[in-house]
file coords.txt (compact mmCIF, C-alpha atoms and all ligand atoms)
# COMPACT_ATOMS: atom_id res chain seq x y z
CA MET L 1 24.11 -1.20 3.43
CA GLU L 2 23.36 -0.18 -0.15
CA LEU L 3 19.96 1.37 -0.86
CA TYR L 4 18.06 0.67 -4.08
CA ILE L 5 14.59 1.93 -4.97
CA ASP L 6 12.03 -0.73 -5.93
CA THR L 7 9.83 0.89 -8.56
CA ALA L 8 9.44 1.69 -12.24
CA ASN L 9 7.95 5.11 -11.51
CA ILE L 10 10.32 7.64 -13.03
CA ASP L 11 9.19 10.54 -10.82
CA ASP L 12 9.84 8.52 -7.65
CA ILE L 13 13.23 7.46 -9.01
CA ARG L 14 14.17 11.07 -9.82
CA GLN L 15 13.12 12.26 -6.37
CA ALA L 16 15.01 9.44 -4.64
CA ALA L 17 18.10 10.12 -6.78
CA GLU L 18 18.00 13.78 -5.74
CA LEU L 19 18.49 12.69 -2.12
CA GLY L 20 22.03 11.72 -3.11
CA ILE L 21 22.02 8.36 -1.33
CA LEU L 22 20.54 6.07 -4.00
CA ASP L 23 22.73 3.18 -5.13
CA GLY L 24 20.50 1.41 -7.67
CA VAL L 25 17.04 0.44 -8.91
CA THR L 26 15.04 -2.78 -9.13
CA THR L 27 12.00 -3.29 -11.32
CA ASN L 28 9.82 -6.28 -12.05
CA PRO L 29 7.08 -7.03 -14.61
CA SER L 30 4.32 -6.05 -12.16
CA LEU L 31 5.95 -2.68 -11.46
CA ILE L 32 6.37 -1.99 -15.19
CA ALA L 33 2.76 -3.02 -15.89
CA LYS L 34 1.56 -0.64 -13.17
CA GLU L 35 3.18 2.27 -15.04
CA GLY L 36 1.58 1.34 -18.40
CA VAL L 37 4.71 2.24 -20.36
CA ASP L 38 7.01 0.58 -22.89
CA PHE L 39 9.42 -1.64 -20.96
CA HIS L 40 12.63 -0.88 -22.87
CA ASN L 41 11.96 2.86 -23.08
CA ARG L 42 11.33 3.05 -19.35
CA MET L 43 14.49 1.10 -18.54
CA ALA L 44 16.46 3.53 -20.73
CA GLU L 45 14.92 6.51 -18.91
CA ILE L 46 15.81 4.98 -15.55
CA CYS L 47 19.41 4.33 -16.63
CA GLU L 48 19.76 8.01 -17.56
CA VAL L 49 18.82 9.02 -14.01
CA VAL L 50 20.71 6.37 -12.02
CA THR L 51 24.27 5.26 -12.78
CA GLY L 52 24.25 2.33 -10.32
CA PRO L 53 22.86 -1.15 -11.07
CA VAL L 54 19.36 -1.16 -12.63
CA SER L 55 17.63 -4.56 -12.63
CA ALA L 56 15.48 -5.45 -15.65
CA GLU L 57 13.59 -8.75 -15.43
CA VAL L 58 13.11 -11.25 -18.25
CA VAL L 59 9.69 -12.84 -18.73
CA SER L 60 10.79 -15.97 -20.60
CA LEU L 61 10.81 -19.27 -18.76
CA GLU L 62 13.44 -21.25 -20.66
CA HIS L 63 17.21 -20.83 -20.80
CA ASP L 64 17.65 -19.95 -24.48
CA ALA L 65 14.74 -17.52 -24.52
CA MET L 66 15.99 -15.92 -21.29
CA ILE L 67 19.42 -15.39 -22.84
CA ALA L 68 17.91 -13.90 -26.00
CA GLU L 69 15.83 -11.50 -23.90
CA ALA L 70 18.81 -10.64 -21.71
CA ASN L 71 20.91 -9.83 -24.79
CA GLU L 72 18.30 -7.29 -25.88
CA LEU L 73 18.03 -5.75 -22.42
CA LEU L 74 21.82 -5.43 -22.19
CA GLN L 75 21.75 -3.13 -25.26
CA ILE L 76 19.81 -0.52 -23.27
CA ALA L 77 22.66 0.70 -21.05
CA ASN L 78 25.84 -0.58 -19.43
CA ASN L 79 24.38 -0.51 -15.91
CA ILE L 80 21.57 -2.97 -16.70
CA VAL L 81 21.50 -6.01 -14.40
CA ILE L 82 19.58 -9.02 -15.74
CA LYS L 83 16.93 -10.24 -13.33
CA LEU L 84 16.02 -13.92 -13.59
CA PRO L 85 13.65 -16.09 -11.57
CA SER L 86 15.12 -18.59 -9.07
CA THR L 87 14.05 -21.63 -11.13
CA VAL L 88 16.12 -24.43 -12.68
CA GLU L 89 16.06 -22.66 -16.06
CA GLY L 90 16.88 -19.36 -14.36
CA LEU L 91 19.84 -21.01 -12.62
CA LYS L 92 21.21 -22.26 -15.94
CA ALA L 93 20.76 -18.83 -17.52
CA CYS L 94 22.46 -17.25 -14.50
CA LYS L 95 25.51 -19.43 -15.04
CA THR L 96 25.61 -18.68 -18.79
CA LEU L 97 25.36 -14.91 -18.28
CA SER L 98 27.67 -14.76 -15.25
CA ASP L 99 30.35 -16.68 -17.17
CA ARG L 100 30.11 -13.92 -19.79
CA GLY L 101 30.65 -11.27 -17.12
CA VAL L 102 27.01 -10.12 -17.09
CA LYS L 103 25.63 -9.06 -13.72
CA VAL L 104 22.60 -11.15 -12.72
CA ASN L 105 19.99 -10.60 -10.01
CA MET L 106 18.23 -13.86 -9.05
CA THR L 107 14.74 -12.96 -7.90
CA LEU L 108 11.82 -14.72 -6.18
CA CYS L 109 14.17 -16.44 -3.74
CA PHE L 110 12.33 -18.03 -0.83
CA GLN L 111 14.78 -20.49 0.69
CA PRO L 112 18.52 -20.62 1.44
CA LEU L 113 19.22 -23.53 -0.94
CA GLN L 114 18.06 -21.43 -3.89
CA ALA L 115 20.41 -18.71 -2.65
CA MET L 116 23.31 -21.15 -2.36
CA LEU L 117 22.86 -22.50 -5.90
CA VAL L 118 22.56 -19.09 -7.53
CA ALA L 119 25.72 -18.00 -5.71
CA LYS L 120 27.51 -21.07 -7.09
CA ALA L 121 26.24 -20.03 -10.54
CA GLY L 122 27.90 -16.62 -10.11
CA ALA L 123 24.90 -14.36 -9.40
CA PHE L 124 25.77 -10.75 -8.62
CA LEU L 125 22.64 -10.35 -6.45
CA VAL L 126 20.09 -12.65 -4.85
CA SER L 127 16.66 -11.26 -3.97
CA PRO L 128 14.88 -12.91 -1.03
CA PHE L 129 11.35 -11.50 -0.58
CA ILE L 130 10.84 -10.63 3.08
CA GLY L 131 7.30 -9.25 2.99
CA ARG L 132 5.89 -12.14 0.98
CA VAL L 133 7.32 -14.62 3.49
CA ASP L 134 5.80 -12.57 6.32
CA ASP L 135 2.46 -12.73 4.46
CA THR L 136 2.47 -16.54 4.86
CA GLY L 137 2.80 -16.30 8.65
CA ALA L 138 6.53 -17.10 8.72
CA ASP L 139 9.32 -14.63 9.49
CA GLY L 140 10.94 -13.25 6.34
CA MET L 141 13.92 -12.01 8.31
CA ASP L 142 14.89 -15.61 9.15
CA LEU L 143 15.44 -16.11 5.42
CA ILE L 144 17.82 -13.14 5.24
CA GLN L 145 19.70 -14.39 8.29
CA GLN L 146 19.99 -17.93 6.89
CA ILE L 147 21.29 -16.72 3.53
CA ARG L 148 23.76 -14.38 5.26
CA THR L 149 25.08 -17.32 7.30
CA VAL L 150 25.36 -19.66 4.31
CA TYR L 151 27.21 -17.02 2.27
CA ASP L 152 29.56 -16.18 5.13
CA ASN L 153 30.23 -19.87 5.91
CA PHE L 154 31.43 -20.55 2.39
CA GLY L 155 32.69 -17.14 1.27
CA PHE L 156 30.12 -16.60 -1.50
CA GLN L 157 30.45 -13.10 -2.99
CA THR L 158 26.83 -12.78 -4.20
CA LYS L 159 25.20 -9.78 -2.53
CA VAL L 160 22.09 -10.36 -0.43
CA LEU L 161 19.48 -7.91 -1.73
CA ALA L 162 16.52 -7.87 0.66
CA ALA L 163 13.34 -7.27 -1.37
CA SER L 164 9.62 -7.04 -0.67
CA ILE L 165 10.30 -4.45 2.02
CA ARG L 166 7.07 -3.16 3.52
CA HIS L 167 8.07 -0.88 6.42
CA PRO L 168 11.06 0.75 8.18
CA MET L 169 11.44 -2.05 10.77
CA HIS L 170 12.29 -4.43 7.93
CA LEU L 171 15.20 -2.09 7.14
CA VAL L 172 16.41 -1.91 10.74
CA GLN L 173 16.41 -5.72 10.90
CA CYS L 174 18.16 -6.01 7.51
CA ALA L 175 20.92 -3.69 8.72
CA LEU L 176 21.29 -5.71 11.92
CA VAL L 177 21.54 -9.10 10.20
CA GLY L 178 23.84 -7.79 7.47
CA ALA L 179 21.87 -7.64 4.21
CA ASP L 180 24.24 -6.10 1.65
CA VAL L 181 21.49 -4.23 -0.19
CA VAL L 182 17.86 -3.34 0.43
CA THR L 183 15.42 -2.41 -2.31
CA VAL L 184 12.71 -0.16 -1.01
CA PRO L 185 9.51 1.51 -2.29
CA TYR L 186 9.82 5.33 -2.33
CA LYS L 187 7.14 5.67 0.36
CA VAL L 188 9.33 3.67 2.77
CA ILE L 189 12.50 5.55 1.77
CA LYS L 190 10.79 8.75 2.89
CA GLN L 191 9.71 7.12 6.17
CA MET L 192 13.38 6.31 6.91
CA MET L 193 14.13 9.97 7.63
CA HIS L 194 11.00 10.65 9.63
CA HIS L 195 10.44 10.53 13.37
CA PRO L 196 7.71 12.47 15.22
CA LEU L 197 10.14 13.37 17.99
CA THR L 198 12.43 15.02 15.40
CA ASP L 199 9.51 17.21 14.26
CA LYS L 200 8.43 17.93 17.82
CA GLY L 201 11.96 18.69 18.97
CA LEU L 202 12.62 20.97 16.01
CA ALA L 203 9.38 22.88 16.62
CA ALA L 204 10.38 23.36 20.29
CA PHE L 205 13.89 24.56 19.35
CA LEU L 206 12.48 27.11 16.91
CA ALA L 207 9.84 28.31 19.38
CA ASP L 208 12.50 28.77 22.09
CA TRP L 209 14.70 30.62 19.60
CA GLU L 210 11.91 33.05 18.75
CA LYS L 211 11.18 33.66 22.47
CA GLN L 212 14.88 34.28 23.16
CA LYS L 213 15.08 36.74 20.27
CA ALA L 214 12.22 38.74 21.75
CA THR L 215 14.09 39.19 25.08
CA VAL L 216 17.38 40.56 23.67
O1 LIG L 301 10.80 -6.23 -6.57
C1 LIG L 301 10.34 -7.34 -5.91
C2 LIG L 301 9.71 -7.11 -4.57
O2 LIG L 301 10.35 -6.07 -3.91
C3 LIG L 301 8.23 -7.03 -4.58
O3 LIG L 301 7.70 -6.58 -3.37
O4 LIG L 301 5.78 -5.79 -2.03
O5 LIG L 301 5.38 -6.90 -4.26
O6 LIG L 301 6.13 -8.23 -2.30
P1 LIG L 301 6.15 -6.90 -2.98
call {"tool": "encode", "arguments": {"input": "coords.txt", "output": "structure tokens"}}
result
Amino acid sequence: MELYIDTANIDDIRQAAELGILDGVTTNPSLIAKEGVDFHNRMAEICEVVTGPVSAEVVSLEHDAMIAEANELLQIANNIVIKLPSTVEGLKACKTLSDRGVKVNMTLCFQPLQAMLVAKAGAFLVSPFIGRVDDTGADGMDLIQQIRTVYDNFGFQTKVLAASIRHPMHLVQCALVGADVVTVPYKVIKQMMHHPLTDKGLAAFLADWEKQKATV
């Protein structure tokens, strides 16, 4: 399972990259706005740190404007992936860009039919939002499972990128149902390597080691 970081915070991205296990980055307009920085400059900074796919989202709503925006974003670096909303206009733009060989990430996906159509349009990634489905009282993991099944049934190559990850159990479930990629806030990436029994066990090992040293 590939691991992307879901943030526009350059310090978090640098720290995650230093772990040596980071495969890519996703951003969205809300994450950029939170940083209060110039969008294009920040994307360029991110692409200097991470060589894997870096998703940059357009804010236009219509096909031609989306393509114009995408063309500008593609100038930033060769690992930019164009992120488009899972709308009718987004679907058309996905097809146009994919036919040109541009990698597209179709975001805000909330049902398997959206995922099927964007796969037919050649999307590189589809981003179903687990946490936001959970927030409505439904089970976001069902969406991942359904998309996985649809893609496997028909041999679609689009990667399932599980987004809106809120906690480590989401990641366990994504790995079990076969999400290709997860995009994760840095806070949750750090939680992935933490278990209280690891800390407790390590403290006991070191204490025993010190006691043993004192007897020889
Ligand atoms: O990048 C999109 C997605 O991961 C947003 O997550 O927590 O705002 O639902 P969240």
call {"tool": "residues_around", "arguments": {"input": "coords.txt", "residues": "Phe156 (chain L)", "least_positions_apart": "6", "cutoff": "9 Å", "atoms": "all atoms listed in the file", "output": "NGL selection string"}}
result
:L and (116 or 119-120 or 122 or 150)
call {"tool": "atom_distance", "arguments": {"input": "coords.txt", "atom1": "CA of Pro185 (chain L)", "atom2": "CA of Val102 (chain L)"}}
result
25.7 Å
call {"tool": "residues_around", "arguments": {"input": "coords.txt", "residues": "region 140-145 of chain L", "least_positions_apart": "3", "cutoff": "6 Å", "atoms": "only C-alpha atoms", "output": "compact mmCIF listing (two decimals) with C-alpha atoms, keeping the file's coordinate frame"}}
result
# COMPACT_ATOMS: atom_id res chain seq x y z
CA ILE L 130 10.84 -10.63 3.08
CA VAL L 133 7.32 -14.62 3.49
CA ASP L 134 5.80 -12.57 6.32
CA ARG L 148 23.76 -14.38 5.26
CA VAL L 177 21.54 -9.10 10.20
call {"tool": "residues_near_point", "arguments": {"input": "coords.txt", "point": "(9.0, 2.7, -7.7)", "cutoff": "8 Å", "atoms": "only C-alpha atoms", "output": "PyMOL selection string"}}
result
chain L and resi 5-10+12-13+27+31+185-186
call {"tool": "residues_near_ligand", "arguments": {"input": "coords.txt", "ligand": "ligand LIG 301 (chain L)", "cutoff": "10 Å", "atoms": "only C-alpha atoms and all ligand atoms", "output": "VMD selection string"}}
result
chain L and resid 5 to 8 25 to 31 55 57 83 107 to 108 127 to 135 161 to 166 182 to 185
call {"tool": "closest_residue", "arguments": {"input": "coords.txt", "among": "L:His167, L:Ala203, L:Gln173, L:Ala16", "to": "Gln191 (chain L)", "atoms": "only C-alpha atoms"}}
result
L:His167
call {"tool": "closest_residue", "arguments": {"input": "coords.txt", "among": "L:Ala123, L:Leu97, L:Val181, L:Ala56", "to": "Ala77 (chain L)", "atoms": "all atoms listed in the file"}}
result
L:Ala56
call {"tool": "residues_around", "arguments": {"input": "coords.txt", "residues": "Val126 (chain L)", "least_positions_apart": "3", "cutoff": "6 Å", "atoms": "all atoms listed in the file", "output": "number ranges by chain"}}
result
L: 105-106, 160-161
call {"tool": "write_last_selection", "arguments": {"input": "coords.txt", "atoms": "C-alpha atoms", "output": "compact mmCIF listing (two decimals), keeping the file's coordinate frame"}}
result
# COMPACT_ATOMS: atom_id res chain seq x y z
CA ASN L 105 19.99 -10.60 -10.01
CA MET L 106 18.23 -13.86 -9.05
CA VAL L 160 22.09 -10.36 -0.43
CA LEU L 161 19.48 -7.91 -1.73
